[in-house]
file query-v2.cif (mmCIF, C-alpha atoms)
data_query
#
loop_
_atom_site.label_atom_id
_atom_site.label_comp_id
_atom_site.auth_asym_id
_atom_site.auth_seq_id
_atom_site.Cartn_x
_atom_site.Cartn_y
_atom_site.Cartn_z
CA THR A 1107 31.27 -30.96 8.48
CA LYS A 1108 31.08 -27.93 6.18
CA PRO A 1109 28.15 -29.31 4.15
CA CYS A 1110 26.35 -30.03 7.42
CA ALA A 1111 27.01 -26.51 8.68
CA GLY A 1112 25.63 -25.05 5.44
CA PHE A 1113 22.57 -27.23 5.72
CA VAL A 1114 22.00 -26.07 9.29
CA LYS A 1115 22.25 -22.40 8.25
CA LEU A 1116 19.83 -22.93 5.36
CA SER A 1117 17.40 -24.74 7.62
CA GLY A 1118 17.60 -21.91 10.17
CA LEU A 1119 16.93 -19.33 7.47
CA LEU A 1120 13.93 -21.26 6.20
CA LEU A 1121 12.57 -21.64 9.73
CA ALA A 1122 13.03 -17.91 10.41
CA THR A 1123 11.24 -17.02 7.16
CA LEU A 1124 8.42 -19.43 7.94
CA PHE A 1125 8.12 -18.02 11.47
CA SER A 1126 7.98 -14.43 10.18
CA TRP A 1127 5.31 -15.34 7.65
CA TYR A 1128 3.28 -17.16 10.30
CA LEU A 1129 3.65 -14.24 12.74
CA GLY A 1130 2.46 -11.78 10.09
CA TYR A 1131 -0.47 -14.02 9.22
CA PHE A 1132 -1.35 -14.36 12.91
CA LEU A 1133 -1.24 -10.59 13.49
CA SER A 1134 -3.30 -9.87 10.38
CA ALA A 1135 -5.95 -12.24 11.66
CA LEU A 1136 -6.08 -10.34 14.95
CA VAL A 1137 -6.16 -6.84 13.40
CA SER A 1138 -9.17 -5.92 11.21
CA GLU A 1139 -8.79 -4.63 7.66
CA GLU A 1140 -10.40 -1.34 8.72
CA VAL A 1141 -7.73 -0.72 11.35
CA LEU A 1142 -4.92 -1.58 8.94
CA SER A 1143 -6.41 0.65 6.24
CA ALA A 1144 -6.82 3.53 8.69
CA SER A 1145 -3.24 3.14 9.90
CA ILE A 1146 -1.89 3.20 6.34
CA THR A 1147 -4.01 6.26 5.55
CA ASN A 1148 -2.74 8.04 8.66
CA LEU A 1149 0.84 7.29 7.68
CA GLN A 1150 0.21 8.66 4.19
CA ASP A 1151 -1.36 11.82 5.64
CA ILE A 1152 1.72 12.60 7.72
CA GLY A 1153 3.50 15.50 6.10
CA LYS A 1154 0.50 16.72 4.13
CA LYS A 1155 -0.48 20.35 4.65
CA PRO A 1156 -3.80 20.78 6.48
CA VAL A 1157 -6.67 21.99 4.28
CA ILE A 1158 -8.54 24.94 5.75
CA ARG A 1159 -12.04 25.24 4.33
CA ALA A 1160 -13.72 28.63 4.49
CA PRO A 1161 -17.34 28.57 5.62
CA ALA A 1162 -19.98 29.27 2.99
CA PRO A 1163 -20.77 32.99 2.85
CA LYS A 1164 -23.94 33.99 4.65
CA ARG A 1165 -26.67 35.38 2.40
CA GLN A 1166 -27.29 39.07 3.05
CA LYS A 1167 -30.45 41.13 2.62
CA CYS A 1168 -31.32 41.85 -1.03
CA ASP A 1169 -28.33 39.66 -2.01
CA HIS A 1170 -25.73 42.23 -0.95
CA TRP A 1171 -22.16 40.96 -0.82
CA SER A 1172 -21.70 42.43 2.66
CA PRO A 1173 -24.30 43.24 5.31
CA CYS A 1174 -25.61 46.71 6.01
CA ALA A 1175 -24.66 48.21 9.34
CA PRO A 1176 -27.20 47.84 12.15
CA GLY A 1177 -29.76 50.60 11.96
CA SER A 1178 -29.83 50.70 8.14
CA TYR A 1179 -32.26 49.73 5.38
CA ALA A 1180 -30.89 47.50 2.59
CA TYR A 1181 -32.03 48.19 -0.97
CA ARG A 1182 -31.27 46.91 -4.47
CA VAL A 1183 -32.77 48.19 -7.72
CA LEU A 1184 -32.23 46.11 -10.87
CA SER A 1185 -33.46 47.15 -14.31
CA GLY A 1186 -34.85 44.79 -16.90
CA GLY A 1187 -32.45 43.08 -19.31
CA GLY A 1188 -33.35 41.84 -22.78
CA LYS A 1189 -36.81 40.37 -23.37
CA GLU A 1190 -36.82 37.85 -20.54
CA LYS A 1191 -35.22 39.48 -17.48
CA LEU A 1192 -37.71 41.76 -15.75
CA ALA A 1193 -36.97 44.62 -13.38
CA LYS A 1194 -36.71 44.11 -9.60
CA ILE A 1195 -36.88 46.40 -6.60
CA CYS A 1196 -35.80 44.92 -3.26
CA PHE A 1197 -36.12 46.69 0.09
CA GLU A 1198 -35.13 45.08 3.39
CA ASP A 1199 -34.97 41.68 1.66
CA GLU A 1200 -38.53 41.96 0.35
CA LEU A 1201 -39.12 42.08 -3.40
CA LEU A 1202 -41.45 45.02 -3.89
CA ILE A 1203 -41.49 44.68 -7.67
CA SER A 1204 -40.56 41.46 -9.49
CA GLU A 1205 -41.64 38.96 -12.11
CA ALA A 1206 -42.67 36.54 -9.35
CA LYS A 1207 -45.12 39.12 -7.97
CA GLY A 1208 -46.47 39.87 -11.43
CA ASN A 1209 -46.26 43.63 -10.93
CA VAL A 1210 -43.57 44.62 -13.46
CA GLY A 1211 -44.67 46.68 -16.44
CA ARG A 1212 -43.20 48.28 -19.52
CA GLY A 1213 -41.96 51.79 -18.82
CA ILE A 1214 -40.88 53.17 -15.45
CA ASN A 1215 -41.72 51.06 -12.39
CA ILE A 1216 -42.04 52.98 -9.13
CA ALA A 1217 -42.19 51.78 -5.53
CA ILE A 1218 -42.86 54.29 -2.75
CA VAL A 1219 -42.04 53.24 0.80
CA ASN A 1220 -42.89 55.19 3.94
CA TYR A 1221 -39.52 55.78 5.59
CA THR A 1222 -40.74 55.17 9.15
CA SER A 1223 -43.66 52.74 8.79
CA ASN A 1224 -42.43 50.88 5.65
CA GLN A 1225 -45.92 51.06 4.13
CA LEU A 1226 -45.74 50.45 0.39
CA CYS A 1227 -47.34 51.87 -2.74
CA ILE A 1228 -46.46 50.59 -6.24
CA ALA A 1229 -47.08 51.77 -9.79
CA PHE A 1230 -45.71 51.18 -13.27
CA THR A 1231 -46.41 53.47 -16.18
CA ASP A 1232 -45.13 54.91 -19.43
CA HIS A 1233 -47.58 57.83 -19.22
CA SER A 1234 -46.12 61.08 -17.92
CA ALA A 1235 -49.37 62.37 -16.39
CA GLU A 1236 -49.80 59.22 -14.28
CA MET A 1237 -46.18 59.35 -13.19
CA VAL A 1238 -46.38 63.01 -12.14
CA ALA A 1239 -49.57 62.42 -10.13
CA PHE A 1240 -48.14 59.33 -8.43
CA ILE A 1241 -44.94 61.10 -7.35
CA GLU A 1242 -46.66 64.31 -6.27
CA ASN A 1243 -49.16 62.35 -4.15
CA ALA A 1244 -46.38 60.53 -2.31
CA PRO A 1245 -46.37 61.78 1.30
CA GLN A 1246 -43.46 63.59 2.87
CA GLY A 1247 -41.05 61.15 4.48
CA SER A 1248 -41.15 58.67 1.57
CA LEU A 1249 -38.45 56.68 -0.19
CA LEU A 1250 -38.98 56.45 -3.96
CA PHE A 1251 -37.43 53.67 -6.03
CA MET A 1252 -37.67 53.90 -9.84
CA VAL A 1253 -36.46 51.51 -12.53
CA THR A 1254 -37.07 50.90 -16.22
CA HIS A 1255 -38.24 47.81 -18.03
CA ASP A 1256 -37.96 47.80 -21.84
CA ASP A 1257 -38.44 51.48 -22.74
CA GLY A 1258 -39.24 54.29 -20.33
CA SER A 1259 -38.43 57.32 -22.47
CA THR A 1260 -40.72 57.39 -25.51
CA ARG A 1261 -43.76 58.75 -23.67
CA LEU A 1262 -41.83 60.56 -20.94
CA LYS A 1263 -42.61 64.27 -21.21
CA ASN A 1264 -40.85 67.30 -19.77
CA ASP A 1265 -43.25 67.75 -16.85
CA ALA A 1266 -42.44 64.26 -15.56
CA LYS A 1267 -38.73 64.79 -16.12
CA GLN A 1268 -38.85 68.01 -14.11
CA VAL A 1269 -40.62 66.30 -11.20
CA VAL A 1270 -37.98 63.55 -11.09
CA GLU A 1271 -35.19 66.09 -11.50
CA LYS A 1272 -36.45 67.95 -8.41
CA LEU A 1273 -36.00 64.71 -6.48
CA GLY A 1274 -32.30 64.82 -7.35
CA SER A 1275 -32.01 62.92 -10.63
CA LYS A 1276 -29.13 63.98 -12.86
CA GLU A 1277 -29.87 61.50 -15.66
CA ILE A 1278 -33.63 61.65 -16.26
CA LYS A 1279 -33.20 64.21 -19.05
CA ASN A 1280 -30.52 62.04 -20.68
CA MET A 1281 -32.79 59.04 -21.18
CA LYS A 1282 -33.06 57.69 -24.72
CA PHE A 1283 -35.04 54.92 -26.37
CA ARG A 1284 -34.56 51.76 -24.31
CA SER A 1285 -32.06 53.31 -21.91
CA SER A 1286 -31.73 51.31 -18.69
CA TRP A 1287 -32.22 53.57 -15.66
CA ALA A 1288 -32.36 53.03 -11.90
CA PHE A 1289 -32.94 55.73 -9.29
CA VAL A 1290 -33.61 56.09 -5.57
CA ALA A 1291 -34.71 59.33 -3.93
CA ALA A 1292 -36.29 60.72 -0.77
CA LYS A 1293 -39.18 63.12 -0.42
CA GLY A 1294 -39.14 65.49 2.55
CA PHE A 1295 -35.63 64.59 3.71
CA LYS A 1296 -32.13 64.16 2.27
CA LEU A 1297 -30.30 60.94 1.54
CA PRO A 1298 -26.57 60.70 2.39
CA ASP A 1299 -24.20 61.77 -0.37
CA ASN A 1300 -22.15 58.57 -0.15
CA ILE A 1301 -24.86 56.08 -1.18
CA GLN A 1302 -25.55 54.92 -4.73
CA LYS A 1303 -28.63 56.76 -5.99
CA GLU A 1304 -28.70 56.63 -9.78
CA LYS A 1305 -27.33 54.81 -12.81
CA ILE A 1306 -28.07 54.88 -16.55
CA ASN A 1307 -26.98 52.83 -19.53
CA HIS A 1308 -27.91 53.50 -23.15
CA SER A 1309 -28.95 50.58 -25.32
CA ASP A 1310 -26.49 49.40 -27.94
CA LYS A 1311 -27.76 47.47 -30.97
CA ASN A 1312 -24.59 45.36 -30.81
CA ASN A 1313 -24.98 44.32 -27.17
CA ARG A 1314 -25.65 40.73 -26.07
CA TYR A 1315 -29.41 41.39 -26.17
CA GLY A 1316 -29.45 42.54 -29.79
CA GLY A 1317 -30.44 46.12 -28.98
CA TRP A 1318 -32.76 45.38 -26.07
CA PRO A 1319 -31.74 47.10 -22.81
CA ALA A 1320 -28.92 45.57 -20.78
CA GLU A 1321 -29.57 45.29 -17.04
CA ILE A 1322 -28.00 47.71 -14.56
CA GLN A 1323 -28.34 47.93 -10.80
CA ILE A 1324 -27.81 50.18 -7.81
CA GLU A 1325 -27.69 49.01 -4.22
CA GLY A 1326 -26.76 50.28 -0.81
CA CYS A 1327 -27.76 50.95 2.77
CA ILE A 1328 -29.94 53.83 3.96
CA PRO A 1329 -29.55 54.92 7.61
CA ARG A 1330 -32.77 54.77 9.64
CA ASN A 1331 -32.10 57.98 11.58
CA LEU A 1332 -32.48 60.55 8.78
CA ILE A 1333 -35.81 61.84 10.09
#
call {"tool": "encode", "arguments": {"input": "query-v2.cif", "output": "structure tokens"}}
result
Amino acid sequence: TKPCAGFVKLSGLLLATLFSWYLGYFLSALVSEEVLSASITNLQDIGKKPVIRAPAPKRQKCDHWSPCAPGSYAYRVLSGGGKEKLAKICFEDELLISEAKGNVGRGINIAIVNYTSNQLCIAFTDHSAEMVAFIENAPQGSLLFMVTHDDGSTRLKNDAKQVVEKLGSKEIKNMKFRSSWAFVAAKGFKLPDNIQKEKINHSDKNNRYGGWPAEIQIEGCIPRNLI
């Protein structure tokens, strides 16, 4: 009887195994591969830390990192760098002077903007007499943006330096051959003390441009209620 009992147990085990295999096959036929795959993926995801993705930063006027407060003008003044990078002046997200507009020249580039109407006048020159006349003819209530491309000092005479100094420049008399210089000023009213108005950098023959000027920039926000 013992051999028979062992045979019965073995037969029962084989039948149970066969039934389990058949049941699994039957269920897999009923459930699609997509559902099974999704279920396995969901099980694998249990215990994982959720990934929080920060939204892409919104582009600000004149490529500022943070927006200007309401009721302010955004500006950015970027000097030329090396032989290829030309100067730029941006005001309220509009490029007043740039390579794309074809209005960048060697010397000191100047953009004059009417503070209230935003009317624009542009010039670039390395002649002191032209620069003096252009600045002196700017109407009261104007914003003046100035920036160098290549060299702005060789033909810059004392009369032009004095005119720019009266606008508040502290660096115009320190300019050297191929110094990079950026400046913003107001005519007929005063800009706040806490905004970036001027920056200068002297060319170094060992810089990455082989002695050509390295670019510098100033940027900020000008309140609209100064007049």
call {"tool": "residues_around", "arguments": {"input": "query-v2.cif", "residues": "Ser1204 (chain A)", "least_positions_apart": "2", "cutoff": "8 Å", "atoms": "all atoms listed in the file", "output": "PyMOL selection string"}}
result
chain A and resi 1192-1195+1201-1202+1206-1210
call {"tool": "resolve_selection", "arguments": {"input": "query-v2.cif", "expression": "the PyMOL selection byres ((chain A and resi 1300-1304) around 6)", "output": "JSON, numbers by chain"}}
result
{"A": [1288, 1289, 1290, 1298, 1299, 1305]}
call {"tool": "resolve_selection", "arguments": {"input": "query-v2.cif", "expression": "the PyMOL selection byres ((chain A and resi 1324) around 6)", "output": "number ranges by chain"}}
result
A: 1182-1183, 1323, 1325
call {"tool": "residues_near_point", "arguments": {"input": "query-v2.cif", "point": "(-39.1, 51.8, -18.5)", "cutoff": "10 Å", "atoms": "all atoms listed in the file", "output": "PyMOL selection string"}}
result
chain A and resi 1185-1186+1193+1210-1216+1230-1232+1252-1262+1281+1283-1288+1319
call {"tool": "atom_distance", "arguments": {"input": "query-v2.cif", "atom1": "CA of Tyr1315 (chain A)", "atom2": "CA of Lys1282 (chain A)"}}
result
16.8 Å
call {"tool": "closest_residue", "arguments": {"input": "query-v2.cif", "among": "A:Arg1159, A:Ala1292, A:Gly1317, A:Ser1234", "to": "Ala1217 (chain A)", "atoms": "all atoms listed in the file"}}
result
A:Ala1292
call {"tool": "axis_aligned_box", "arguments": {"input": "query-v2.cif", "around": "region 1294-1309 of chain A", "padding_each_side": "6 Å", "output": "AutoDock Vina command-line options"}}
result
--center_x -30.6 --center_y 58.0 --center_z -10.8 --size_x 29.0 --size_y 26.9 --size_z 41.0
call {"tool": "residues_around", "arguments": {"input": "query-v2.cif", "residues": "Cys1174 (chain A)", "least_positions_apart": "6", "cutoff": "9 Å", "atoms": "only C-alpha atoms", "output": "short mmCIF file (atom, residue, chain, number, x, y, z; two decimals) with C-alpha atoms, in the frame of the given file"}}
result
data_model
loop_
_atom_site.label_atom_id
_atom_site.label_comp_id
_atom_site.auth_asym_id
_atom_site.auth_seq_id
_atom_site.Cartn_x
_atom_site.Cartn_y
_atom_site.Cartn_z
CA GLN A 1166 -27.29 39.07 3.05
CA LYS A 1167 -30.45 41.13 2.62
CA ALA A 1180 -30.89 47.50 2.59
CA GLY A 1326 -26.76 50.28 -0.81
CA CYS A 1327 -27.76 50.95 2.77
CA ILE A 1328 -29.94 53.83 3.96
#
call {"tool": "atom_distance", "arguments": {"input": "query-v2.cif", "atom1": "CA of Lys1272 (chain A)", "atom2": "CA of Leu1250 (chain A)"}}
result
12.6 Å
call {"tool": "atom_distance", "arguments": {"input": "query-v2.cif", "atom1": "CA of Pro1245 (chain A)", "atom2": "CA of Cys1227 (chain A)"}}
result
10.7 Å
call {"tool": "resolve_selection", "arguments": {"input": "query-v2.cif", "expression": "the PyMOL selection byres ((chain A and resi 1242) around 12)", "output": "PyMOL selection string"}}
result
chain A and resi 1218+1235-1241+1243-1246+1248+1250+1265-1266+1268-1270+1272-1273+1293-1294
call {"tool": "decode", "arguments": {"input": "query-v2.cif", "residues": "region 1162-1265 of chain A", "atoms": "C-alpha atoms", "output": "short mmCIF file (atom, residue, chain, number, x, y, z; two decimals), in the first residue's frame"}}
result
data_model
loop_
_atom_site.label_atom_id
_atom_site.label_comp_id
_atom_site.auth_asym_id
_atom_site.auth_seq_id
_atom_site.Cartn_x
_atom_site.Cartn_y
_atom_site.Cartn_z
CA ALA A 1162 11.53 76.50 -17.29
CA PRO A 1163 12.42 80.07 -16.28
CA LYS A 1164 10.44 82.74 -18.06
CA ARG A 1165 12.50 85.00 -20.31
CA GLN A 1166 12.66 88.56 -18.98
CA LYS A 1167 13.06 91.85 -20.83
CA CYS A 1168 16.60 92.43 -22.15
CA ASP A 1169 17.48 88.93 -20.86
CA HIS A 1170 17.48 89.97 -17.20
CA TRP A 1171 17.61 87.11 -14.71
CA SER A 1172 14.69 88.59 -12.77
CA PRO A 1173 11.94 90.92 -13.94
CA CYS A 1174 11.88 94.64 -13.29
CA ALA A 1175 9.18 95.88 -10.95
CA PRO A 1176 6.01 97.20 -12.57
CA GLY A 1177 6.45 100.82 -13.54
CA SER A 1178 10.12 100.44 -14.51
CA TYR A 1179 12.17 100.47 -17.72
CA ALA A 1180 14.53 97.52 -18.28
CA TYR A 1181 17.93 98.21 -19.82
CA ARG A 1182 21.10 96.29 -20.64
CA VAL A 1183 24.29 97.71 -22.15
CA LEU A 1184 26.90 95.25 -23.44
CA SER A 1185 30.25 96.32 -24.87
CA GLY A 1186 31.97 94.65 -27.79
CA GLY A 1187 34.24 91.68 -27.14
CA GLY A 1188 37.14 90.62 -29.35
CA LYS A 1189 36.83 91.02 -33.13
CA GLU A 1190 33.51 89.23 -33.58
CA LYS A 1191 31.21 90.23 -30.70
CA LEU A 1192 29.70 93.65 -31.33
CA ALA A 1193 28.22 96.03 -28.79
CA LYS A 1194 24.51 95.95 -27.86
CA ILE A 1195 22.15 98.38 -26.19
CA CYS A 1196 18.76 97.01 -25.11
CA PHE A 1197 15.92 99.12 -23.73
CA GLU A 1198 12.53 97.68 -22.80
CA ASP A 1199 13.41 94.46 -24.67
CA GLU A 1200 14.18 96.32 -27.90
CA LEU A 1201 17.71 96.23 -29.28
CA LEU A 1202 18.51 99.85 -30.04
CA ILE A 1203 22.06 99.08 -31.18
CA SER A 1204 23.18 95.63 -32.33
CA GLU A 1205 24.94 93.70 -35.06
CA ALA A 1206 21.56 92.50 -36.35
CA LYS A 1207 20.46 96.10 -36.90
CA GLY A 1208 23.75 96.98 -38.57
CA ASN A 1209 24.20 100.15 -36.54
CA VAL A 1210 27.27 99.32 -34.43
CA GLY A 1211 30.45 101.25 -35.17
CA ARG A 1212 34.01 101.48 -33.95
CA GLY A 1213 34.36 103.96 -31.11
CA ILE A 1214 31.61 105.04 -28.70
CA ASN A 1215 28.06 104.05 -29.63
CA ILE A 1216 25.33 106.27 -28.19
CA ALA A 1217 21.57 105.79 -27.97
CA ILE A 1218 19.40 108.63 -26.68
CA VAL A 1219 15.86 107.78 -25.57
CA ASN A 1220 13.18 110.29 -24.61
CA TYR A 1221 12.26 109.32 -21.06
CA THR A 1222 8.51 109.87 -21.49
CA SER A 1223 7.83 109.20 -25.18
CA ASN A 1224 10.60 106.59 -25.78
CA GLN A 1225 11.55 108.29 -29.05
CA LEU A 1226 15.03 107.20 -30.12
CA CYS A 1227 18.11 108.81 -31.61
CA ILE A 1228 21.30 106.82 -32.33
CA ALA A 1229 24.90 107.68 -33.20
CA PHE A 1230 28.31 106.04 -33.18
CA THR A 1231 31.53 107.97 -33.45
CA ASP A 1232 35.18 108.14 -32.52
CA HIS A 1233 35.29 111.89 -33.21
CA SER A 1234 35.04 114.11 -30.14
CA ALA A 1235 33.38 117.04 -31.93
CA GLU A 1236 30.54 114.83 -33.22
CA MET A 1237 30.09 113.27 -29.80
CA VAL A 1238 29.91 116.64 -28.03
CA ALA A 1239 27.35 117.99 -30.51
CA PHE A 1240 25.21 114.85 -30.28
CA ILE A 1241 25.09 114.90 -26.48
CA GLU A 1242 24.54 118.65 -26.19
CA ASN A 1243 21.66 118.50 -28.69
CA ALA A 1244 19.90 115.79 -26.70
CA PRO A 1245 16.73 117.32 -25.21
CA GLN A 1246 16.11 117.62 -21.50
CA GLY A 1247 14.36 114.53 -20.17
CA SER A 1248 16.55 112.09 -22.12
CA LEU A 1249 18.19 108.80 -21.19
CA LEU A 1250 21.66 108.38 -22.68
CA PHE A 1251 23.24 104.95 -23.17
CA MET A 1252 26.90 104.78 -24.23
CA VAL A 1253 29.11 101.78 -24.97
CA THR A 1254 32.41 101.09 -26.70
CA HIS A 1255 33.24 98.80 -29.58
CA ASP A 1256 36.93 98.15 -30.30
CA ASP A 1257 38.60 101.42 -29.24
CA GLY A 1258 36.82 104.54 -28.02
CA SER A 1259 39.71 106.45 -26.47
CA THR A 1260 42.29 107.26 -29.15
CA ARG A 1261 40.37 110.19 -30.65
CA LEU A 1262 38.48 111.12 -27.49
CA LYS A 1263 39.50 114.66 -26.51
CA ASN A 1264 39.11 116.55 -23.26
CA ASP A 1265 36.04 118.52 -24.36
#
